[in-house]
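Asker: The structure's right below; bear with me while I get my questions together.
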Amino acid sequence: MPFHMNGIIFLVILGVSVHTAHAHVAAWHQGMYCLDGTSGTVNYNSNEIVNPLYQLPFHQWWFHHVDRCDEFPPASGTFLDLPAGGSFMVEVASNRAKTSLSYGARDASDWPDGGHYPENYNVPNCITNPNLHAQNQSRAAGTAFAISYESDIKKVTPENLVVFSVRHNTPWKRVVWYDVPAGMPACPTEGCICAWGWVPNGCGQPNIYHQPFRCRVTNAWSITPISTPKPPVWCEGNPNGCVRGAKQMIYWNQLERNNIQVQGFDSRGDHKSPGYNHNCGFADGAQNDIFIGVPATGGNPQAPGASSPGQQSTGSGPQPTNRTPSPPYVSPTAAIPDAVPDAAMTSSLPSSSNPQPSCRRRRRPRVEKRMLNNHHARSRVRRW
Ligand SMILES: *[C@@H]1O[C@H](CO)[C@@H](O)[C@H](O)[C@H]1NC(C)=O
């Protein structure tokens, strides 16, 4: 019977689309909140944290409280380690099962969903498996990590959470490395709170991703604090208009506490979408311009308005954060040498002027400018 046939086909299609609509991605690491989801028991198959945040009140979108992910901290003593001047790795995936944190990586592949795709994976109508909100790697909007020097997640606010590392053209593959500014000061003994963020550029609902981690800076030597961050602004094609120095994460398309507004179209003819890329003044790599002055081991008086008071009182004494045992899935960069010569300091450079290719651990090929500028993509699917 044709009618029943159509009905069955419709249900199958509906099932597939509902599934893909929710198979977004998040950053996975033992130091994350919500590793086991929100059931309170070990769950190797959790995926609560990958759900996007869209048009929610502040208390619900902030750190994914909408499903209480912020109430499920990592195991005691487990941190996301941020080696000052080095890099750390997280796994971007659609489900914990597709990472090395489950089943000994049995179901993990190079890609976020355990699948296998061509290197130049390109779907003009948008890649939905995995749901990367992009047509290809050059269109991946960029992702970021931010840090607050508060140990209590309840004390973290948009005003004390500072973007310190950006990776352009992600999310893309599963393994992503982020570079840490050499001048990052140590966290309090209980650690810091970090956040991963992603604002996709089109290809579906214009939502955001915001997830908490417990983190700490290892091999820290500077005590120069991080500045109070300012909200980023749209500055495509106008580098002088970008916000210099410490920036807040991007909070957009929520019911409350958005910190950026955009109108009209970008240079590609698409609706402007603020992301962790040059369009909002975020250079790729470590954000070395976020401190109140040149990173230094001492004699750098704390400026008014610094966002990280308290921890400075420990001076250059032993850093307790470096003594805690490493989590089982410690990044291979833990062995990166610590001390960084003063000449490497670039803190006075505006992040928007020239991306510092920080390269040692770069996995992403640099996207050619030509590729970014030289097309008129009006075929992108925007469903809003
Ligand atoms: C990426 O996608 C955009 C939009 O569809 C397209 O214009 C561009 O040519 C693609 N680039 C590659 C390398 O496939």
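The chains in the structure tokens are called A, B, ... from first to last as shown; in each chain the residues are counted from 1, and the ligands are counted from 1 in the order shown.
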With only C-alpha atoms as the counted atoms, please give the residues lying no more than 9 Å from Val123 (chain A), apart from itself and same-chain residues fewer than 3 positions off, as a ChimeraX atom specification.
Answerer: /A:126-128,134-136
Asker: Would you kindly return, as a list in words, each protein, DNA or RNA residue with an atom no farther than 6 Å from any atom of Leu82 (chain A), considering only C-alpha atoms and excluding same-chain residues fewer than 4 positions away?
Answerer: Arg216, Val217 and Thr218 of chain A
Asker: Within 12 Å of Gly37 (chain A), counting only C-alpha atoms, which residues qualify if same-chain residues fewer than 5 places away don't, as a PDB file with N, CA and C atoms, in the first residue's frame?
Answerer:
ATOM      1  N   TRP A  28      35.987  16.596  24.912  1.00  0.00           N
ATOM      2  CA  TRP A  28      36.020  15.545  25.941  1.00  0.00           C
ATOM      3  C   TRP A  28      37.405  15.420  26.551  1.00  0.00           C
ATOM      4  N   MET A  32      36.669  17.324  32.428  1.00  0.00           N
ATOM      5  CA  MET A  32      35.420  18.014  32.107  1.00  0.00           C
ATOM      6  C   MET A  32      34.343  17.770  33.153  1.00  0.00           C
ATOM      7  N   VAL A  42      28.552   5.960  36.350  1.00  0.00           N
ATOM      8  CA  VAL A  42      29.483   5.897  35.228  1.00  0.00           C
ATOM      9  C   VAL A  42      28.701   5.624  33.939  1.00  0.00           C
ATOM     10  N   ASN A  43      28.971   6.419  32.926  1.00  0.00           N
ATOM     11  CA  ASN A  43      28.271   6.275  31.647  1.00  0.00           C
ATOM     12  C   ASN A  43      29.265   6.463  30.515  1.00  0.00           C
ATOM     13  N   TYR A  44      29.674   5.365  29.911  1.00  0.00           N
ATOM     14  CA  TYR A  44      30.656   5.451  28.819  1.00  0.00           C
ATOM     15  C   TYR A  44      30.034   5.945  27.522  1.00  0.00           C
ATOM     16  N   ASN A  45      28.737   6.149  27.563  1.00  0.00           N
ATOM     17  CA  ASN A  45      27.982   6.489  26.369  1.00  0.00           C
ATOM     18  C   ASN A  45      27.306   7.850  26.506  1.00  0.00           C
ATOM     19  N   SER A  46      27.832   8.730  27.332  1.00  0.00           N
ATOM     20  CA  SER A  46      27.124   9.980  27.605  1.00  0.00           C
ATOM     21  C   SER A  46      27.259  10.958  26.432  1.00  0.00           C
ATOM     22  N   ASN A  47      26.247  11.792  26.259  1.00  0.00           N
ATOM     23  CA  ASN A  47      26.353  12.830  25.235  1.00  0.00           C
ATOM     24  C   ASN A  47      25.558  14.085  25.593  1.00  0.00           C
ATOM     25  N   GLU A  48      25.161  14.245  26.846  1.00  0.00           N
ATOM     26  CA  GLU A  48      24.398  15.429  27.243  1.00  0.00           C
ATOM     27  C   GLU A  48      25.109  16.725  26.860  1.00  0.00           C
ATOM     28  N   ILE A  49      26.420  16.741  27.075  1.00  0.00           N
ATOM     29  CA  ILE A  49      27.162  17.994  26.929  1.00  0.00           C
ATOM     30  C   ILE A  49      27.244  18.473  25.477  1.00  0.00           C
ATOM     31  N   VAL A  50      26.965  17.596  24.530  1.00  0.00           N
ATOM     32  CA  VAL A  50      27.080  18.028  23.123  1.00  0.00           C
ATOM     33  C   VAL A  50      25.879  18.844  22.668  1.00  0.00           C
ATOM     34  N   ASN A  51      24.836  18.895  23.477  1.00  0.00           N
ATOM     35  CA  ASN A  51      23.636  19.596  23.031  1.00  0.00           C
ATOM     36  C   ASN A  51      23.864  21.099  22.947  1.00  0.00           C
ATOM     37  N   HIS A  64      25.960  25.148  30.656  1.00  0.00           N
ATOM     38  CA  HIS A  64      25.086  24.012  30.317  1.00  0.00           C
ATOM     39  C   HIS A  64      24.215  23.588  31.501  1.00  0.00           C
ATOM     40  N   ASP A  67      20.683  21.277  31.547  1.00  0.00           N
ATOM     41  CA  ASP A  67      20.498  19.865  31.920  1.00  0.00           C
ATOM     42  C   ASP A  67      21.328  19.509  33.155  1.00  0.00           C
ATOM     43  N   ARG A  68      21.797  20.523  33.875  1.00  0.00           N
ATOM     44  CA  ARG A  68      22.549  20.368  35.126  1.00  0.00           C
ATOM     45  C   ARG A  68      23.936  19.783  34.912  1.00  0.00           C
ATOM     46  N   CYS A  69      24.464  19.901  33.712  1.00  0.00           N
ATOM     47  CA  CYS A  69      25.824  19.402  33.482  1.00  0.00           C
ATOM     48  C   CYS A  69      26.846  20.072  34.410  1.00  0.00           C
ATOM     49  N   ASP A  70      26.571  21.326  34.792  1.00  0.00           N
ATOM     50  CA  ASP A  70      27.492  22.057  35.663  1.00  0.00           C
ATOM     51  C   ASP A  70      27.506  21.523  37.087  1.00  0.00           C
ATOM     52  N   GLU A  71      26.596  20.598  37.394  1.00  0.00           N
ATOM     53  CA  GLU A  71      26.544  20.034  38.753  1.00  0.00           C
ATOM     54  C   GLU A  71      27.253  18.689  38.836  1.00  0.00           C
ATOM     55  N   PHE A  72      27.915  18.282  37.771  1.00  0.00           N
ATOM     56  CA  PHE A  72      28.615  17.002  37.765  1.00  0.00           C
ATOM     57  C   PHE A  72      30.098  17.224  37.456  1.00  0.00           C
ATOM     58  N   PRO A  73      30.861  17.607  38.498  1.00  0.00           N
ATOM     59  CA  PRO A  73      32.274  17.941  38.300  1.00  0.00           C
ATOM     60  C   PRO A  73      33.103  16.694  37.990  1.00  0.00           C
ATOM     61  N   PRO A  74      34.316  16.908  37.504  1.00  0.00           N
ATOM     62  CA  PRO A  74      35.210  15.760  37.298  1.00  0.00           C
ATOM     63  C   PRO A  74      35.589  15.131  38.635  1.00  0.00           C
ATOM     64  N   ASN A  95      29.934  11.939  21.180  1.00  0.00           N
ATOM     65  CA  ASN A  95      29.519  11.050  22.266  1.00  0.00           C
ATOM     66  C   ASN A  95      30.792  10.569  22.948  1.00  0.00           C
ATOM     67  N   ARG A  96      30.747  10.392  24.243  1.00  0.00           N
ATOM     68  CA  ARG A  96      31.928   9.891  24.947  1.00  0.00           C
ATOM     69  C   ARG A  96      32.415   8.569  24.346  1.00  0.00           C
ATOM     70  N   ALA A  97      31.467   7.774  23.851  1.00  0.00           N
ATOM     71  CA  ALA A  97      31.824   6.465  23.305  1.00  0.00           C
ATOM     72  C   ALA A  97      32.778   6.576  22.122  1.00  0.00           C
TER      73      ALA A  97
END
Asker: When you count only C-alpha atoms, which of these residues is closest to Glu119 (chain A): A:Lys247, A:Lys173, A:Cys235, A:Ser148?
Answerer: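 Checking each candidate against Glu119 (chain A), we get A:Lys173 as the closest.
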Asker: Which is closer to ligand 1 than all the others in A:Arg268, A:Lys98, A:Arg257, A:His59, using only C-alpha atoms and all ligand atoms?
Answerer: A:Arg268
Asker: Could you list, as a ChimeraX atom specification, every residue within 8 Å of Ser151 (chain A), counting only C-alpha atoms and ignoring same-chain residues fewer than 3 positions away?
Answerer: /A:148,155,188,190-193
Asker: Counting only C-alpha atoms, which residue out of A:Gln211, A:Gln60, A:Thr228, A:Asn238 sits closest to Glu159 (chain A)?
Answerer: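 Checking each of A:Gln211, A:Gln60, A:Thr228, A:Asn238 against Glu159 (chain A), counting only C-alpha atoms, the winner is A:Thr228.
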Asker: What residues in region 52-147 of chain A get the DSSP label helix (DSSP H, G or I)? Please answer as a list in words.
Answerer: Phe58, His59, Gln60, Trp61, Trp62, Phe63, His64, His65, Val66, Asp67, Cys69, Asp70, Glu71, Arg96, Ala97, Lys98, Tyr103, Gly104, Ala105, Gln137, Ser138 and Arg139 of chain A
Asker: Write out as a tab-separated table the residues of region 116-199 of chain A that have any atom within 9 Å of an atom of region 273-280 of chain A, one row each with the nearest atom pair and its distance in Å to one decimal, counting only C-alpha atoms, sorted by chain and then rising number.
Answerer:
residue	atom	partner	partner_atom	distance
A:Ala141	CA	A:Gly275	CA	5.9
A:Gly142	CA	A:Tyr276	CA	4.9
A:Thr143	CA	A:Tyr276	CA	5.6
A:Ala144	CA	A:Tyr276	CA	6.5
A:Val166	CA	A:Tyr276	CA	6.6
A:Arg167	CA	A:Tyr276	CA	7.8
A:His168	CA	A:Asn277	CA	6.0
A:Asn169	CA	A:Asn277	CA	8.3
A:Gly197	CA	A:Tyr276	CA	8.5
A:Trp198	CA	A:Gly275	CA	7.3
A:Val199	CA	A:Gly275	CA	5.3
